[in-house]
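Novice: Okay, handing you the structure first.
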Amino acid sequence: MTITQLSYVLAVAENQNFTKAAQKCFVTQPTLSMQIQKLEDQLDVLIFDRSKKPIELTEVGKKIVTQARNIVNESYRIQDIVDQEKGFIGGEFRLGIIPTIMPTLLPMFLNNFVKKYPKVKLKIEELTTEEIITRINDGHLDAAIAATPLENETINERVLYFEPFVAYVPQNHRLRDKKTLETSDLEIDDMLLLEDGHCFRDGVINLCKAFKNHNDDKFQLESGSIETLVKLSNEGLGMTLLPYLHTLDLNEKAKQNLHYFAEPSPAREVSLIYHKSELKMQIIEALRDVIAGVVRGAIAFQNVQIISPIQKK
């Protein structure tokens, strides 16, 4: 039994196809198939049910894949141990970022990080929180930037900053003349929301639920982007809540529609998250230092009330 064979098994399990798995592993399909067949012969079990289209794992195959993933991931970390011992900060690092953080935070820190740590090859993906947790646990991400707390026992969270919610209130709205808002002023029925799947959406709903009963069926409009929410609000279709960093890029006319909350301001906690067994700590620390450095100057809010990103039932 070899780590290479186990890697091939994981590739087939993920792609449910021998040809695609071989391409991902940069080997020929006969080579990959032969190695998996040798492993099955040695174990005297079938890992894959080849009669199914797409290929499926057998029951024992599912258990083997779970253990194989642990073994392969741990084997990769041998190089991490050596890098840490040498103080080397470099190599590939896979980072996920949720959609409501990516467009504002990434331009703030990426250039600084690349210049300071040119030997790190960052591979960045925009993913939902659910996708991030799955990929971290599967070993397909080294770390991610997401709203926390997530209450996940397999994941460590290192807080980067607290980002307040800011109300965007259009002309002729009932709250237009109120200079400072209270969270109890919010009515979910006239709130424009992001589409389901965004944790910022769940945070807004959790904030409103804390003070008022509401009917889920009364949501007026939902959108896939914060920019669209602002445009819809400008058309008089309702108010919305924005993460603070998104307000910095608004034009001066749009900024006149911003209303801040009385302290403690409702806010989301943004953290660098990673698996508890992660060993690329030298890169994680480097990322944290660079991001905290650039954000510190942009966000000065401290007296905040953290709103959970986890959807409440």
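Chain labels run A, B, ... following the order of the structure tokens; each chain numbers its residues from 1, and ligands are numbered from 1 in the order shown.
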Residues at most 9 Å from A:Ala13, counting only C-alpha atoms, excluding those fewer than 5 positions away in the same chain, as an MDAnalysis selection string?

Specialist: chainID A and resid 8 21 48 55:57 62 65

Novice: Write the residues of the preceding selection, restricted to C-alpha atoms, as a JSON list (two decimals), in the first residue's frame.

Specialist:
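Printed below is part-v1.json as written:
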```json
[["chain", "number", "residue", "atom", "x", "y", "z"],
["A", 8, "TYR", "CA", -5.35, 7.86, -6.85],
["A", 21, "ALA", "CA", -8.94, 11.33, -12.04],
["A", 48, "PHE", "CA", -15.33, 1.13, -6.32],
["A", 55, "ILE", "CA", -18.61, 5.23, -10.52],
["A", 56, "GLU", "CA", -19.62, 4.87, -6.88],
["A", 57, "LEU", "CA", -17.80, 3.86, -3.73],
["A", 62, "LYS", "CA", -16.36, 4.87, 1.78],
["A", 65, "VAL", "CA", -11.57, 6.86, 1.48]]
```

Novice: Can you list, as a list in words, every protein, DNA or RNA residue that comes within 6 Å of stretch 246-260 of chain A when you count only C-alpha atoms, leaving out same-chain residues fewer than 6 positions away?

Specialist: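 The residues that qualify are Val166, Ala167, Tyr168, Val169, Pro170 and Thr180 of chain A.
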
Novice: Deliver the residues from the most recent selection as a file, using N, CA and C atoms, as a compact mmCIF listing (two decimals), in the first residue's frame.

Specialist:
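So the final result, stored in result.txt, reads:
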```
# COMPACT_ATOMS: atom_id res chain seq x y z
N VAL A 166 -23.98 48.67 8.40
CA VAL A 166 -24.39 50.05 8.17
C VAL A 166 -25.69 50.03 7.36
N ALA A 167 -26.66 50.82 7.79
CA ALA A 167 -27.95 50.86 7.08
C ALA A 167 -27.85 51.78 5.86
N TYR A 168 -28.41 51.32 4.76
CA TYR A 168 -28.53 52.15 3.55
C TYR A 168 -30.00 52.47 3.39
N VAL A 169 -30.36 53.73 3.67
CA VAL A 169 -31.77 54.15 3.74
C VAL A 169 -32.06 55.15 2.63
N PRO A 170 -32.92 54.81 1.67
CA PRO A 170 -33.19 55.71 0.54
C PRO A 170 -34.12 56.86 0.93
N THR A 180 -29.43 58.41 13.98
CA THR A 180 -28.79 57.21 14.53
C THR A 180 -29.86 56.14 14.74
```

Novice: Of the residues A:Ile226, A:Ile133, A:Leu122, A:Ile299, which is the one nearest to A:Leu193, using only C-alpha atoms?

Specialist: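 So, comparing all the options, the nearest one is A:Ile226.
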
Novice: From the options A:Gln5, A:Asn172, A:Thr100, A:Ser184, which residue's atoms come nearest to A:Arg268, counting only C-alpha atoms?

Specialist: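 Checking each candidate against A:Arg268, we get A:Thr100 as the closest.
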
Novice: Going by DSSP on the backbone, which residues of stretch 29-218 of chain A come out as alpha helix (DSSP H)? List them as a ChimeraX atom specification.

Specialist: /A:29-43,59-86,102-116,129-138,199-209

Novice: Provide the atom CA of A:Thr183 to atom CA of A:Ile273 distance in Å, to one decimal place.

Specialist: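 Value for the atom CA of A:Thr183-atom CA of A:Ile273 distance: 28.4 Å.
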
Novice: Nearest to A:Ile306 among A:Asp177, A:Glu163, A:Glu92, A:Glu125, with distances taken over only C-alpha atoms: which residue is it?

Specialist: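 Of A:Asp177, A:Glu163, A:Glu92, A:Glu125, the one nearest A:Ile306, counting only C-alpha atoms, is A:Glu163.
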